[in-house]
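Peer 1: The structure under discussion is supplied below as structure tokens; questions concerning it will follow.
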Amino acid sequence: SPGLYIVATPIGNLGDLSPRAADILSRADAIAVEDSRVTAKLMHHIGARRPMLPYHDHNADRVRPGLIERMAHEAVALVSDAGTPLISDPGFKLVRDARAAGHVVVTIPGPCAAIAALTLAGLPTDRFFFLGFLPPKEKARAEAIAEVAAIRATLILYESGPRLGATLAALAAGLGEREAGVAREISKAYEECVTGTLETLAARYAEAGPKGEIVIVVGPPGEVKPADLDADTLLAEALTRLPAA
Ligand code: SAM
């Protein structure tokens with residue numbers, strides 16, 4: 001039925017495309033795509049051909065009104081090149097405008113590199129903060145890191161191979177000693193997740209960044225300093241250290 005269908009697609013292994021995602025993609029009236037060559041491969045995999053409409057950072061503002069109009073009488077699917085649309089990918093304004101127009105909005109959940117990396121790294125998962133890509137320029141990057149340094153949560157960042165070493169060094173400088181993980185090529189043949197402190201990882205990748213797609217996961221700030229504790233906690237702790245009467 002008419003509306004907007006947000007469809008998550010594999011981040012590597014095509015087997016991760018859900019049957020529901022395949023069903024929606026093969027029946028949609030049109031598919032809004034980032035890169036039609038990338039989505040064409042996926043469509044070939046499921047043996048379906050549907051009209052594809054480019055929707056990316058450079059044409060989004062121009063083509064969005066037309067897509068919103070279509071949704072009144074057509075089922076329009078939205079995909080990105082890999083993973084979940086809207087997550088460091090286009091789509092937020094399309095969803096916002098579809099809602100404003102009163103259209104049905106449905107999500108078909110699936111792979112997301114950030115969440116996949118979080119499950120691999122062995123770092124706390126109860127609270128996490130997604131940063132997407134840091135700014136490439138040194139000063140802006142350091143500022144973005146300083147802004148999140150005090151957050152008591154695991155941090156998740158996207159990065160590319162060539163920039164990995166510089167980004168890890170900037171994280172080590174701005175966040176201090178923290179456990180971290182570098183997840184690479186998730187769900188592909190050479191999937192790996194290397195863990196260590198930010199400093200050891202920065203040293204490891206200083207020379208040459210590895211090939212492929214990368215997610216950096218950084219554990220929360222370490223030990224709670226006494227200054228951060230309230231009096232009751234301090235007292236209780238002190239009492240445990242008293243010699244038994
Ligand atoms: N929307 C996507 C998602 O749900 O994960 C992310 C799109 S963003 C433009 C692309 C970035 O995601 C890459 O630069 C990399 O940081 C990360 N990524 C995508 N696929 C990955 C994979 N198989 N392994 C590790 N990181 C991946």
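A note on labels: chains of the structure tokens are A, B, ... as shown, every chain counts residues from 1, and ligands are counted from 1 in their shown order.
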Listing only residues of chain A within 10 Å of ligand 1, what is the closest atom pair and its distance in Å (to one decimal) for each, using only C-alpha atoms and all ligand atoms, sorted by chain and residue number ascending, as a Markdown table?

Peer 2:
```
| residue | atom | partner | partner_atom_place_in_ligand_line | distance |
| --- | --- | --- | --- | --- |
| A:Ala8 | CA | ligand 1 | 4 (O) | 7.4 |
| A:Thr9 | CA | ligand 1 | 4 (O) | 8.3 |
| A:Pro10 | CA | ligand 1 | 23 (N) | 8.2 |
| A:Ile11 | CA | ligand 1 | 20 (N) | 4.5 |
| A:Gly12 | CA | ligand 1 | 23 (N) | 5.0 |
| A:Asn13 | CA | ligand 1 | 23 (N) | 8.1 |
| A:Val79 | CA | ligand 1 | 1 (N) | 9.1 |
| A:Ser80 | CA | ligand 1 | 1 (N) | 6.6 |
| A:Asp81 | CA | ligand 1 | 7 (C) | 7.5 |
| A:Ala82 | CA | ligand 1 | 2 (C) | 5.5 |
| A:Gly83 | CA | ligand 1 | 4 (O) | 3.6 |
| A:Thr84 | CA | ligand 1 | 4 (O) | 3.6 |
| A:Pro85 | CA | ligand 1 | 1 (N) | 5.0 |
| A:Leu86 | CA | ligand 1 | 1 (N) | 6.2 |
| A:Ile87 | CA | ligand 1 | 1 (N) | 4.4 |
| A:Ser88 | CA | ligand 1 | 8 (S) | 5.0 |
| A:Asp89 | CA | ligand 1 | 1 (N) | 5.2 |
| A:Pro90 | CA | ligand 1 | 1 (N) | 8.5 |
| A:Pro109 | CA | ligand 1 | 4 (O) | 9.9 |
| A:Gly110 | CA | ligand 1 | 4 (O) | 8.4 |
| A:Pro111 | CA | ligand 1 | 4 (O) | 6.2 |
| A:Cys112 | CA | ligand 1 | 4 (O) | 3.5 |
| A:Ala113 | CA | ligand 1 | 5 (O) | 3.6 |
| A:Ala114 | CA | ligand 1 | 5 (O) | 5.6 |
| A:Ile115 | CA | ligand 1 | 5 (O) | 7.8 |
| A:Ala116 | CA | ligand 1 | 24 (N) | 8.3 |
| A:Ala117 | CA | ligand 1 | 25 (C) | 7.2 |
| A:Gly132 | CA | ligand 1 | 8 (S) | 7.7 |
| A:Phe133 | CA | ligand 1 | 16 (O) | 7.5 |
| A:Ile156 | CA | ligand 1 | 16 (O) | 9.7 |
| A:Leu157 | CA | ligand 1 | 16 (O) | 7.1 |
| A:Tyr158 | CA | ligand 1 | 16 (O) | 3.6 |
| A:Glu159 | CA | ligand 1 | 16 (O) | 4.4 |
| A:Ser160 | CA | ligand 1 | 14 (O) | 5.2 |
| A:Gly161 | CA | ligand 1 | 14 (O) | 8.5 |
| A:Val182 | CA | ligand 1 | 25 (C) | 8.8 |
| A:Ala183 | CA | ligand 1 | 25 (C) | 5.8 |
| A:Arg184 | CA | ligand 1 | 25 (C) | 4.4 |
| A:Glu185 | CA | ligand 1 | 24 (N) | 3.8 |
| A:Ile186 | CA | ligand 1 | 24 (N) | 3.7 |
| A:Ser187 | CA | ligand 1 | 23 (N) | 5.8 |
| A:Lys188 | CA | ligand 1 | 23 (N) | 6.4 |
| A:Ala189 | CA | ligand 1 | 23 (N) | 9.9 |
| A:Tyr190 | CA | ligand 1 | 24 (N) | 9.7 |
| A:Glu191 | CA | ligand 1 | 24 (N) | 7.4 |
| A:Glu192 | CA | ligand 1 | 24 (N) | 8.9 |
| A:Cys193 | CA | ligand 1 | 25 (C) | 9.4 |
| A:Gly212 | CA | ligand 1 | 24 (N) | 7.3 |
| A:Glu213 | CA | ligand 1 | 26 (N) | 4.2 |
| A:Ile214 | CA | ligand 1 | 26 (N) | 4.0 |
| A:Val215 | CA | ligand 1 | 16 (O) | 4.8 |
| A:Ile216 | CA | ligand 1 | 16 (O) | 7.9 |
```

Peer 1: Apply DSSP to the structure's backbone, then extract all residues of region 10-227 of chain A labelled alpha helix (DSSP H) and return them as a CSV table (one decimal) with N, CA and C atoms, in the first residue's frame.

Peer 2:
```
chain,number,residue,atom,x,y,z
A,19,PRO,N,14.0,-11.5,4.6
A,19,PRO,CA,12.9,-11.9,3.6
A,19,PRO,C,11.9,-10.7,3.5
A,20,ARG,N,11.7,-10.0,4.6
A,20,ARG,CA,10.7,-8.9,4.5
A,20,ARG,C,11.3,-7.8,3.6
A,21,ALA,N,12.6,-7.5,3.8
A,21,ALA,CA,13.2,-6.5,3.0
A,21,ALA,C,13.1,-6.8,1.5
A,22,ALA,N,13.5,-8.1,1.2
A,22,ALA,CA,13.4,-8.6,-0.2
A,22,ALA,C,12.0,-8.4,-0.8
A,23,ASP,N,11.0,-8.8,0.1
A,23,ASP,CA,9.6,-8.7,-0.4
A,23,ASP,C,9.2,-7.3,-0.7
A,24,ILE,N,9.6,-6.4,0.2
A,24,ILE,CA,9.2,-5.0,0.0
A,24,ILE,C,9.9,-4.4,-1.3
A,25,LEU,N,11.2,-4.8,-1.4
A,25,LEU,CA,12.0,-4.2,-2.6
A,25,LEU,C,11.5,-4.8,-3.9
A,26,SER,N,11.0,-6.0,-3.9
A,26,SER,CA,10.5,-6.6,-5.2
A,26,SER,C,9.1,-6.1,-5.5
A,27,ARG,N,8.4,-5.5,-4.5
A,27,ARG,CA,7.0,-5.1,-4.8
A,27,ARG,C,6.9,-3.6,-4.8
A,36,SER,N,22.5,3.9,-7.9
A,36,SER,CA,21.7,2.9,-8.6
A,36,SER,C,22.6,1.7,-8.9
A,37,ARG,N,23.9,1.9,-9.2
A,37,ARG,CA,24.7,0.7,-9.5
A,37,ARG,C,24.8,-0.3,-8.3
A,38,VAL,N,24.9,0.3,-7.1
A,38,VAL,CA,25.0,-0.5,-5.9
A,38,VAL,C,23.7,-1.3,-5.7
A,39,THR,N,22.6,-0.5,-5.8
A,39,THR,CA,21.3,-1.2,-5.5
A,39,THR,C,20.9,-2.2,-6.6
A,40,ALA,N,21.4,-1.9,-7.8
A,40,ALA,CA,21.1,-2.8,-8.9
A,40,ALA,C,21.7,-4.2,-8.6
A,41,LYS,N,22.9,-4.3,-8.0
A,41,LYS,CA,23.4,-5.6,-7.6
A,41,LYS,C,22.5,-6.3,-6.6
A,42,LEU,N,22.0,-5.5,-5.7
A,42,LEU,CA,21.1,-6.1,-4.7
A,42,LEU,C,19.8,-6.7,-5.3
A,43,MET,N,19.3,-5.9,-6.2
A,43,MET,CA,18.1,-6.2,-6.9
A,43,MET,C,18.3,-7.5,-7.8
A,44,HIS,N,19.5,-7.5,-8.4
A,44,HIS,CA,19.9,-8.7,-9.2
A,44,HIS,C,19.9,-10.0,-8.3
A,45,HIS,N,20.4,-9.8,-7.1
A,45,HIS,CA,20.5,-10.9,-6.1
A,45,HIS,C,19.1,-11.4,-5.8
A,46,ILE,N,18.1,-10.6,-5.7
A,46,ILE,CA,16.8,-11.1,-5.3
A,46,ILE,C,16.0,-11.3,-6.6
A,60,ALA,N,19.0,15.8,-3.2
A,60,ALA,CA,17.8,15.5,-2.2
A,60,ALA,C,16.8,16.6,-2.2
A,61,ASP,N,17.3,17.8,-2.0
A,61,ASP,CA,16.4,19.0,-1.8
A,61,ASP,C,15.5,19.2,-3.0
A,62,ARG,N,16.1,18.9,-4.2
A,62,ARG,CA,15.4,19.1,-5.5
A,62,ARG,C,14.3,18.0,-5.7
A,63,VAL,N,14.7,16.7,-5.4
A,63,VAL,CA,13.8,15.6,-5.8
A,63,VAL,C,12.8,15.2,-4.6
A,64,ARG,N,13.1,15.7,-3.4
A,64,ARG,CA,12.2,15.3,-2.3
A,64,ARG,C,10.8,15.6,-2.5
A,65,PRO,N,10.4,16.8,-2.9
A,65,PRO,CA,8.9,17.1,-3.1
A,65,PRO,C,8.2,16.1,-4.0
A,66,GLY,N,8.9,15.7,-5.1
A,66,GLY,CA,8.3,14.8,-6.0
A,66,GLY,C,8.1,13.4,-5.4
A,67,LEU,N,9.1,13.0,-4.6
A,67,LEU,CA,9.0,11.7,-3.9
A,67,LEU,C,7.8,11.7,-2.9
A,68,ILE,N,7.7,12.8,-2.2
A,68,ILE,CA,6.6,12.9,-1.2
A,68,ILE,C,5.3,12.8,-1.9
A,69,GLU,N,5.2,13.5,-3.1
A,69,GLU,CA,3.9,13.4,-3.8
A,69,GLU,C,3.6,12.0,-4.3
A,70,ARG,N,4.6,11.3,-4.7
A,70,ARG,CA,4.4,9.9,-5.2
A,70,ARG,C,3.8,9.0,-4.1
A,92,PHE,N,16.6,11.4,6.6
A,92,PHE,CA,15.9,12.0,7.7
A,92,PHE,C,14.9,13.0,7.2
A,93,LYS,N,15.2,13.9,6.3
A,93,LYS,CA,14.2,14.9,5.8
A,93,LYS,C,13.1,14.3,5.0
A,94,LEU,N,13.4,13.2,4.3
A,94,LEU,CA,12.4,12.5,3.6
A,94,LEU,C,11.3,11.9,4.6
A,95,VAL,N,11.8,11.3,5.7
A,95,VAL,CA,10.9,10.8,6.7
A,95,VAL,C,10.1,11.9,7.3
A,96,ARG,N,10.8,13.0,7.7
A,96,ARG,CA,10.1,14.2,8.3
A,96,ARG,C,9.0,14.7,7.4
A,97,ASP,N,9.3,14.9,6.1
A,97,ASP,CA,8.3,15.4,5.2
A,97,ASP,C,7.2,14.4,4.9
A,98,ALA,N,7.5,13.2,4.8
A,98,ALA,CA,6.5,12.1,4.6
A,98,ALA,C,5.5,12.2,5.8
A,99,ARG,N,6.0,12.3,7.0
A,99,ARG,CA,5.1,12.4,8.2
A,99,ARG,C,4.3,13.6,8.1
A,100,ALA,N,4.9,14.7,7.8
A,100,ALA,CA,4.2,16.0,7.7
A,100,ALA,C,3.1,15.9,6.7
A,113,ALA,N,26.0,-1.0,10.8
A,113,ALA,CA,27.4,-1.2,11.2
A,113,ALA,C,27.7,-0.8,12.6
A,114,ALA,N,27.1,0.3,13.1
A,114,ALA,CA,27.3,0.8,14.4
A,114,ALA,C,26.9,-0.2,15.4
A,115,ILE,N,25.7,-0.8,15.3
A,115,ILE,CA,25.2,-1.7,16.3
A,115,ILE,C,26.0,-3.1,16.2
A,116,ALA,N,26.3,-3.5,14.9
A,116,ALA,CA,27.1,-4.7,14.7
A,116,ALA,C,28.5,-4.6,15.4
A,117,ALA,N,29.1,-3.4,15.3
A,117,ALA,CA,30.5,-3.2,15.9
A,117,ALA,C,30.3,-3.2,17.4
A,118,LEU,N,29.3,-2.6,17.9
A,118,LEU,CA,29.1,-2.5,19.4
A,118,LEU,C,29.0,-4.0,19.9
A,119,THR,N,28.4,-4.9,19.2
A,119,THR,CA,28.2,-6.2,19.7
A,119,THR,C,29.5,-7.0,19.6
A,120,LEU,N,30.5,-6.6,18.8
A,120,LEU,CA,31.7,-7.3,18.6
A,120,LEU,C,32.8,-6.9,19.6
A,121,ALA,N,32.8,-5.6,20.1
A,121,ALA,CA,33.9,-5.0,20.7
A,121,ALA,C,34.1,-5.5,22.2
A,138,GLU,N,41.7,18.7,11.4
A,138,GLU,CA,42.3,18.5,12.8
A,138,GLU,C,41.6,19.2,13.9
A,139,LYS,N,41.4,20.6,13.7
A,139,LYS,CA,40.9,21.4,14.8
A,139,LYS,C,39.4,21.0,15.1
A,140,ALA,N,38.6,20.9,14.0
A,140,ALA,CA,37.2,20.6,14.2
A,140,ALA,C,37.1,19.2,14.9
A,141,ARG,N,38.0,18.3,14.5
A,141,ARG,CA,37.9,16.9,15.0
A,141,ARG,C,38.2,17.0,16.5
A,142,ALA,N,39.3,17.7,16.9
A,142,ALA,CA,39.6,17.8,18.3
A,142,ALA,C,38.5,18.4,19.1
A,143,GLU,N,37.8,19.4,18.5
A,143,GLU,CA,36.7,20.0,19.2
A,143,GLU,C,35.6,19.1,19.4
A,144,ALA,N,35.3,18.3,18.4
A,144,ALA,CA,34.2,17.3,18.5
A,144,ALA,C,34.5,16.3,19.5
A,145,ILE,N,35.8,15.9,19.6
A,145,ILE,CA,36.1,14.9,20.6
A,145,ILE,C,36.0,15.5,22.1
A,146,ALA,N,36.5,16.7,22.2
A,146,ALA,CA,36.4,17.4,23.5
A,146,ALA,C,35.0,17.5,24.0
A,147,GLU,N,34.1,17.7,23.1
A,147,GLU,CA,32.7,17.9,23.4
A,147,GLU,C,32.1,16.6,24.0
A,148,VAL,N,32.6,15.4,23.7
A,148,VAL,CA,32.0,14.2,24.2
A,148,VAL,C,32.8,13.5,25.3
A,164,LEU,N,42.2,6.3,9.7
A,164,LEU,CA,42.0,5.6,11.0
A,164,LEU,C,43.1,6.0,12.0
A,165,GLY,N,44.4,6.0,11.5
A,165,GLY,CA,45.5,6.3,12.4
A,165,GLY,C,45.4,7.6,13.1
A,166,ALA,N,45.1,8.6,12.3
A,166,ALA,CA,45.0,10.0,12.7
A,166,ALA,C,43.8,10.2,13.7
A,167,THR,N,42.7,9.5,13.4
A,167,THR,CA,41.6,9.6,14.3
A,167,THR,C,41.8,8.9,15.6
A,168,LEU,N,42.4,7.8,15.6
A,168,LEU,CA,42.7,7.1,16.8
A,168,LEU,C,43.7,7.9,17.7
A,169,ALA,N,44.7,8.6,17.1
A,169,ALA,CA,45.6,9.4,17.8
A,169,ALA,C,44.9,10.6,18.4
A,170,ALA,N,44.0,11.2,17.7
A,170,ALA,CA,43.2,12.3,18.2
A,170,ALA,C,42.3,11.9,19.3
A,171,LEU,N,41.7,10.7,19.2
A,171,LEU,CA,40.9,10.1,20.3
A,171,LEU,C,41.7,9.9,21.6
A,172,ALA,N,42.9,9.3,21.4
A,172,ALA,CA,43.8,9.0,22.5
A,172,ALA,C,44.2,10.3,23.2
A,173,ALA,N,44.5,11.4,22.4
A,173,ALA,CA,44.9,12.7,23.0
A,173,ALA,C,43.7,13.3,23.7
A,174,GLY,N,42.5,13.2,23.2
A,174,GLY,CA,41.4,13.9,23.7
A,174,GLY,C,40.6,13.2,24.8
A,175,LEU,N,40.7,11.9,24.8
A,175,LEU,CA,39.9,11.1,25.8
A,175,LEU,C,40.8,10.4,26.8
A,198,LEU,N,43.2,2.9,23.5
A,198,LEU,CA,43.3,3.9,22.3
A,198,LEU,C,44.7,4.1,21.9
A,199,GLU,N,45.6,4.1,22.9
A,199,GLU,CA,47.0,4.4,22.6
A,199,GLU,C,47.7,3.2,21.8
A,200,THR,N,47.4,2.0,22.2
A,200,THR,CA,48.0,0.9,21.5
A,200,THR,C,47.4,0.8,20.1
A,201,LEU,N,46.1,1.0,20.0
A,201,LEU,CA,45.5,1.0,18.7
A,201,LEU,C,46.0,2.1,17.7
A,202,ALA,N,46.2,3.3,18.3
A,202,ALA,CA,46.7,4.4,17.5
A,202,ALA,C,48.1,4.1,17.0
A,203,ALA,N,48.9,3.4,17.9
A,203,ALA,CA,50.3,3.0,17.5
A,203,ALA,C,50.2,1.9,16.4
A,204,ARG,N,49.3,1.0,16.6
A,204,ARG,CA,49.2,-0.1,15.6
A,204,ARG,C,48.8,0.4,14.2
```

Peer 1: As an exercise, work out the distance from CA of Val106 (chain A) to CA of Ala28 (chain A) in Å and give it to one decimal place.

Peer 2: 12.6 Å

Peer 1: Kindly give the distance, in Å, that separates CA of Phe129 (chain A) and CA of Ala77 (chain A), rounded to a single decimal.

Peer 2: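 So the answer is 28.0 Å.
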
Peer 1: How many Å lie between CA of Asp57 (chain A) and CA of Gly91 (chain A), rounded to one decimal?

Peer 2: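 Going from CA of Asp57 (chain A) over to CA of Gly91 (chain A), I get 9.4 Å.
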
Peer 1: Between A:Pro162, A:Pro210, A:Pro54, A:Pro220, single out the one closest to Phe128 (chain A), counting only C-alpha atoms.

Peer 2: A:Pro220
